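**Q** Here's a structure for you.
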Amino acid sequence: MALVRVREHVNPLSRKYQNPVAMPDWGQVYGNASQPLHLDIGCARGKFVLEMAQREPNWNFLGLEIREPLVHQALASRDALGLQNLHYLFCNINTSICPLLASLEPRTLSRISIQFPDPWFKRKHQKRRVVQPEIVDQLSKYLISGGTVFVQSDVLDVAQEMVDRFSEHPAFSRQHSDWLPNNPFEVPTEREVGVLSLNNPVYRAVFQKHGGNV
Ligand SMILES: C[S@@+](CC[C@H](N)C(=O)[O-])C[C@H]1O[C@@H](n2cnc3c(N)ncnc32)[C@H](O)[C@@H]1O
């Protein structure tokens with residue numbers, strides 16, 4: 001399948017991306033909607049969840065992506081493989097998080113990954129970064145107790161900011177005090193493959209949710 005060409009970055013704060021998207025009927029989307037769900041935020045072409053869904057058929061996977069053409073192409077790849085435990089949704093997570101989480105089968109959200117989010121280096125652009133306190137708080141309400149959040153980035157400042165946002169929330173505990181040396185899923189994302197091929201460092205952390213949930 002030829003790769004669809006897209007803009008490198010879109011601004012999630014632009015007016016075009018402020019309307020929450022309609023949520024599908026998850027019972028129609030997944031073969032078994034009551035399986036545990038892994039949410040991958042900012043999945044780009046979605047290769048990570050495509051591979052994970054084949055390795056873990058007893059889990060459902062949902063990739064979220066703001067660049068719509070990538071979502072169409074990822075869905076076509078899923079359909080070509082006939083996977084019933086994988087879906088991709090075009091959305092701006094920062095505006096669709098509440099309706100999305102409320103629409104899910106209760107107590108299925110079990111894992112979240114946020115991998116190499118757009119760094120938005122300029123200080124005035126940093127409010128475009130995906131991990132904001134509101135997102136962390138919403139995720140804390142729907143992730144099951146014992147559920148995990150995996151974050152990674154090759155930009156230390158971005159990785160540290162994600163760690164700070166989850167660490168400061170009372171529902172989450174960091175699982176290791178040091179950066180994790182390896183990706184615990186053993187399935188690298190596309191960005192991760194590129195970074196590792198240049199021998200650049202990757203900063204990774206895992207959090208666990210404790211306490212009650214919705
Ligand atoms: C640098 S890419 C990393 C993609 C993938 N996780 C990887 O590691 O290869 C970050 C992705 O997040 C998406 N993204 C950025 N802001 C988003 C938002 N607010 N909602 C959903 N997706 C977003 C971007 O379009 C981009 O595809």
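Here's how to read the names in the structure tokens: chain A, B, ... by the order shown, residue numbers from 1 in each chain, ligand numbers from 1 in the order shown.
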Please produce, as CSV, a per-residue contact table for stretch 22-131 of chain A versus stretch 143-157 of chain A (criterion: any atom at most 8 Å away, only C-alpha atoms considered), showing the nearest atom pair and its distance in Å to one decimal, sorted by chain then residue number.
**A**
residue,atom,partner,partner_atom,distance
A:Arg107,CA,A:Ile144,CA,5.8
A:Thr108,CA,A:Ile144,CA,7.1
A:Leu109,CA,A:Leu143,CA,5.0
A:Ser110,CA,A:Gly147,CA,4.6
A:Arg111,CA,A:Thr148,CA,5.0
A:Ile112,CA,A:Val149,CA,4.7
A:Ser113,CA,A:Phe150,CA,4.7
A:Ile114,CA,A:Val151,CA,4.9
A:Gln115,CA,A:Gln152,CA,4.9
A:Phe116,CA,A:Ser153,CA,4.3
A:Pro117,CA,A:Ser153,CA,7.0
A:Pro119,CA,A:Val155,CA,7.2
**Q** Could you write out that same residue set with C-alpha atoms as an mmCIF file, in the first residue's frame?
**A**
data_model
loop_
_atom_site.group_PDB
_atom_site.id
_atom_site.type_symbol
_atom_site.label_atom_id
_atom_site.label_comp_id
_atom_site.auth_asym_id
_atom_site.auth_seq_id
_atom_site.Cartn_x
_atom_site.Cartn_y
_atom_site.Cartn_z
ATOM 1 C CA ARG A 107 -13.892 -0.870 33.028
ATOM 2 C CA THR A 108 -12.160 -1.938 29.810
ATOM 3 C CA LEU A 109 -9.520 0.815 29.518
ATOM 4 C CA SER A 110 -6.458 -1.034 30.832
ATOM 5 C CA ARG A 111 -3.398 0.386 29.040
ATOM 6 C CA ILE A 112 -2.496 3.758 27.555
ATOM 7 C CA SER A 113 0.568 4.622 25.483
ATOM 8 C CA ILE A 114 1.768 8.084 24.461
ATOM 9 C CA GLN A 115 4.821 7.646 22.273
ATOM 10 C CA PHE A 116 6.994 10.390 20.828
ATOM 11 C CA PRO A 117 4.320 13.111 20.972
ATOM 12 C CA PRO A 119 7.547 18.189 20.816
#
**Q** Determine, counting only C-alpha atoms, which protein, DNA and RNA residues have an atom within 12 Å of an atom of A:Asn19; residues of the same chain fewer than 6 positions away are not included. Present the result as a JSON list (two decimals) with C-alpha atoms, in the first residue's frame.
**A**
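result_2.json written:
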[["chain", "number", "residue", "atom", "x", "y", "z"],
["A", 12, "PRO", "CA", -4.43, 20.93, 17.64],
["A", 13, "LEU", "CA", -5.51, 24.38, 18.86],
["A", 66, "ILE", "CA", -5.42, 14.00, 14.42],
["A", 90, "PHE", "CA", -9.61, 10.50, 13.73],
["A", 91, "CYS", "CA", -9.81, 12.97, 16.60],
["A", 92, "ASN", "CA", -8.07, 15.71, 18.50],
["A", 93, "ILE", "CA", -7.56, 13.94, 21.81],
["A", 94, "ASN", "CA", -7.54, 17.26, 23.65],
["A", 95, "THR", "CA", -11.12, 18.05, 22.59],
["A", 96, "SER", "CA", -12.54, 14.51, 22.24],
["A", 97, "ILE", "CA", -11.18, 12.90, 25.40],
["A", 99, "PRO", "CA", -16.88, 11.87, 24.94]]
**Q** Looking at A:Val163, A:Leu89, A:Leu81, A:Leu198, which one is nearest to ligand 1, with distances taken over only C-alpha atoms and all ligand atoms?
**A** A:Leu89
**Q** Could you check how far atom CA of A:Val195 sits from atom CA of A:Tyr88, in Å to one decimal?
**A**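 Computing it gives 24.2 Å between the two atoms.
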**Q** Counting only C-alpha atoms, which residue out of A:Arg204, A:Leu3, A:Ala76, A:Gln138 sits closest to A:Glu192?
**A**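 Using only C-alpha atoms, A:Glu192 sits closest to A:Arg204.
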**Q** Running DSSP on the backbone, which parts of chain A land in strand (DSSP E), as a compact mmCIF listing (two decimals) with C-alpha atoms, in the first residue's frame?
**A**
# COMPACT_ATOMS: atom_id res chain seq x y z
CA LEU A 37 -8.55 -1.97 25.77
CA HIS A 38 -5.16 -0.43 24.95
CA LEU A 39 -5.38 3.23 23.86
CA ASP A 40 -2.47 4.59 21.78
CA ILE A 41 -2.61 8.40 21.71
CA ASN A 60 -8.63 -4.51 21.83
CA PHE A 61 -6.51 -1.67 20.48
CA LEU A 62 -7.53 1.88 19.61
CA GLY A 63 -5.19 4.31 17.87
CA LEU A 64 -6.08 8.01 18.04
CA GLU A 65 -4.73 10.39 15.42
CA LEU A 86 -8.20 -2.97 16.25
CA HIS A 87 -9.68 0.42 15.41
CA TYR A 88 -8.36 3.88 14.58
CA LEU A 89 -10.20 7.11 15.28
CA PHE A 90 -9.61 10.50 13.73
CA LEU A 109 -9.52 0.82 29.52
CA SER A 110 -6.46 -1.03 30.83
CA ARG A 111 -3.40 0.39 29.04
CA ILE A 112 -2.50 3.76 27.55
CA SER A 113 0.57 4.62 25.48
CA ILE A 114 1.77 8.08 24.46
CA GLN A 115 4.82 7.65 22.27
CA THR A 148 -0.74 1.27 33.12
CA VAL A 149 0.41 4.29 31.16
CA PHE A 150 3.56 4.06 29.02
CA VAL A 151 5.21 7.28 27.83
CA GLN A 152 8.32 7.68 25.72
CA SER A 153 10.13 10.39 23.79
CA PHE A 172 -0.65 7.50 39.30
CA SER A 173 2.59 6.01 40.60
CA ARG A 174 5.76 5.82 38.54
CA TYR A 203 13.42 8.35 27.61
CA ARG A 204 10.71 5.96 28.79
CA ALA A 205 8.52 5.64 31.89
CA VAL A 206 5.61 3.50 33.07
CA PHE A 207 2.91 4.61 35.51
CA GLN A 208 0.31 2.53 37.29
CA LYS A 209 -3.12 3.68 38.33
**Q** List the neighbours of A:Arg78 out to 12 Å using only C-alpha atoms; skip same-chain residues closer than 6 positions along the sequence, and give me the result as JSON, numbers by chain.
**A** {"A": [1, 29, 30, 45, 46, 47, 48, 49, 50, 51, 52, 53, 54, 61, 62, 63, 71, 72, 84, 85, 86, 87, 88]}
**Q** Generate the output file for the selected residues, C-alpha atoms, as a compact mmCIF listing (two decimals), in the first residue's frame.
**A**
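For reference, again_28.txt as written:
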# COMPACT_ATOMS: atom_id res chain seq x y z
CA MET A 1 0.00 0.00 0.00
CA VAL A 29 -16.41 -1.97 15.95
CA TYR A 30 -14.80 -4.80 17.91
CA ARG A 45 0.30 5.55 10.72
CA GLY A 46 -0.67 3.12 13.49
CA LYS A 47 1.96 0.44 12.87
CA PHE A 48 2.53 -0.10 16.61
CA VAL A 49 -1.07 -1.07 17.35
CA LEU A 50 -1.31 -2.99 14.07
CA GLU A 51 1.48 -5.27 15.29
CA MET A 52 0.23 -5.37 18.89
CA ALA A 53 -3.29 -6.37 17.80
CA GLN A 54 -1.88 -9.39 16.00
CA PHE A 61 -6.51 -1.67 20.48
CA LEU A 62 -7.53 1.88 19.61
CA GLY A 63 -5.19 4.31 17.87
CA VAL A 71 -6.48 7.14 9.94
CA HIS A 72 -8.12 6.15 6.64
CA GLN A 84 -11.47 -7.41 14.70
CA ASN A 85 -9.61 -6.17 17.77
CA LEU A 86 -8.20 -2.97 16.25
CA HIS A 87 -9.68 0.42 15.41
CA TYR A 88 -8.36 3.88 14.58
**Q** Figure out the distance between atom CA of A:His9 and atom 25 (O, counted along the ligand's line) of ligand 1, please, to one decimal in Å.
**A**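 Spanning atom 25 (O, counted along the ligand's line) of ligand 1 to atom CA of A:His9 is a straight-line distance of 5.9 Å.
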**Q** Using DSSP on the backbone coordinates, identify all residues within chain A classified as helix (DSSP H, G or I); present the result as JSON, numbers by chain.
**A** {"A": [15, 16, 17, 26, 27, 28, 29, 47, 48, 49, 50, 51, 52, 53, 54, 55, 68, 69, 70, 71, 72, 73, 74, 75, 76, 77, 78, 79, 80, 81, 93, 94, 95, 96, 97, 98, 99, 100, 101, 102, 103, 123, 124, 125, 126, 127, 128, 133, 134, 135, 136, 137, 138, 139, 140, 141, 142, 156, 157, 158, 159, 160, 161, 162, 163, 164, 165, 166, 167, 190, 191, 192, 193, 194, 195, 196, 197]}
**Q** Please produce a file of those selected residues containing C-alpha atoms, as an mmCIF file, in the first residue's frame.
**A**
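Generated file (out-v1.cif):
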data_model
loop_
_atom_site.group_PDB
_atom_site.id
_atom_site.type_symbol
_atom_site.label_atom_id
_atom_site.label_comp_id
_atom_site.auth_asym_id
_atom_site.auth_seq_id
_atom_site.Cartn_x
_atom_site.Cartn_y
_atom_site.Cartn_z
ATOM 1 C CA ARG A 15 -10.409 26.051 14.974
ATOM 2 C CA LYS A 16 -10.618 23.171 12.529
ATOM 3 C CA TYR A 17 -9.915 20.665 15.328
ATOM 4 C CA TRP A 26 -17.914 -0.050 20.059
ATOM 5 C CA GLY A 27 -20.047 -3.199 20.022
ATOM 6 C CA GLN A 28 -20.086 -2.919 16.211
ATOM 7 C CA VAL A 29 -16.408 -1.971 15.953
ATOM 8 C CA LYS A 47 1.958 0.436 12.874
ATOM 9 C CA PHE A 48 2.532 -0.104 16.614
ATOM 10 C CA VAL A 49 -1.071 -1.071 17.350
ATOM 11 C CA LEU A 50 -1.312 -2.989 14.067
ATOM 12 C CA GLU A 51 1.476 -5.274 15.287
ATOM 13 C CA MET A 52 0.226 -5.375 18.892
ATOM 14 C CA ALA A 53 -3.295 -6.371 17.798
ATOM 15 C CA GLN A 54 -1.877 -9.394 16.001
ATOM 16 C CA ARG A 55 0.311 -10.372 18.968
ATOM 17 C CA GLU A 68 -7.298 12.180 9.132
ATOM 18 C CA PRO A 69 -5.699 10.691 5.976
ATOM 19 C CA LEU A 70 -3.444 8.560 8.173
ATOM 20 C CA VAL A 71 -6.480 7.140 9.935
ATOM 21 C CA HIS A 72 -8.125 6.153 6.637
ATOM 22 C CA GLN A 73 -4.976 4.404 5.520
ATOM 23 C CA ALA A 74 -4.507 2.656 8.882
ATOM 24 C CA LEU A 75 -8.109 1.389 8.769
ATOM 25 C CA ALA A 76 -7.466 0.002 5.273
ATOM 26 C CA SER A 77 -4.395 -1.874 6.598
ATOM 27 C CA ARG A 78 -6.476 -3.276 9.444
ATOM 28 C CA ASP A 79 -9.204 -4.401 7.032
ATOM 29 C CA ALA A 80 -6.640 -6.049 4.758
ATOM 30 C CA LEU A 81 -5.595 -8.193 7.736
ATOM 31 C CA ILE A 93 -7.557 13.944 21.808
ATOM 32 C CA ASN A 94 -7.544 17.258 23.654
ATOM 33 C CA THR A 95 -11.115 18.047 22.590
ATOM 34 C CA SER A 96 -12.542 14.507 22.241
ATOM 35 C CA ILE A 97 -11.175 12.904 25.396
ATOM 36 C CA CYS A 98 -14.374 13.272 27.471
ATOM 37 C CA PRO A 99 -16.880 11.873 24.937
ATOM 38 C CA LEU A 100 -14.403 9.186 23.928
ATOM 39 C CA LEU A 101 -13.791 7.873 27.436
ATOM 40 C CA ALA A 102 -17.472 8.095 28.366
ATOM 41 C CA SER A 103 -18.402 6.049 25.271
ATOM 42 C CA ARG A 123 7.848 28.000 24.308
ATOM 43 C CA LYS A 124 4.795 29.785 22.880
ATOM 44 C CA HIS A 125 3.740 26.522 21.138
ATOM 45 C CA GLN A 126 4.090 24.239 24.144
ATOM 46 C CA LYS A 127 0.402 24.465 24.999
ATOM 47 C CA ARG A 128 -0.116 22.403 21.822
ATOM 48 C CA PRO A 133 -3.178 18.181 33.174
ATOM 49 C CA GLU A 134 -6.802 17.876 31.963
ATOM 50 C CA ILE A 135 -5.981 14.815 29.831
ATOM 51 C CA VAL A 136 -4.129 13.143 32.700
ATOM 52 C CA ASP A 137 -7.084 13.752 35.003
ATOM 53 C CA GLN A 138 -9.616 12.350 32.522
ATOM 54 C CA LEU A 139 -7.481 9.271 31.875
ATOM 55 C CA SER A 140 -7.217 8.716 35.634
ATOM 56 C CA LYS A 141 -11.004 8.472 35.882
ATOM 57 C CA TYR A 142 -11.430 5.734 33.269
ATOM 58 C CA LEU A 156 14.234 14.776 27.275
ATOM 59 C CA ASP A 157 12.235 17.927 28.016
ATOM 60 C CA VAL A 158 9.074 16.361 26.537
ATOM 61 C CA ALA A 159 9.599 13.041 28.345
ATOM 62 C CA GLN A 160 10.253 14.837 31.640
ATOM 63 C CA GLU A 161 7.147 16.974 31.192
ATOM 64 C CA MET A 162 4.999 13.854 30.640
ATOM 65 C CA VAL A 163 6.554 12.249 33.728
ATOM 66 C CA ASP A 164 5.887 15.403 35.757
ATOM 67 C CA ARG A 165 2.228 15.597 34.650
ATOM 68 C CA PHE A 166 1.520 11.942 35.588
ATOM 69 C CA SER A 167 3.658 12.042 38.760
ATOM 70 C CA GLU A 190 7.858 4.068 13.578
ATOM 71 C CA ARG A 191 9.419 7.054 15.273
ATOM 72 C CA GLU A 192 11.232 4.783 17.724
ATOM 73 C CA VAL A 193 12.768 2.763 14.868
ATOM 74 C CA GLY A 194 14.089 5.995 13.342
ATOM 75 C CA VAL A 195 15.508 7.295 16.629
ATOM 76 C CA LEU A 196 17.172 3.986 17.515
ATOM 77 C CA SER A 197 18.695 3.672 14.036
#
**Q** Report, in Å to a single decimal, how far apart atom CA of A:Ser14 and atom CA of A:Val131 are.
**A**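 Separating atom CA of A:Val131 from atom CA of A:Ser14 is a distance of 17.0 Å.
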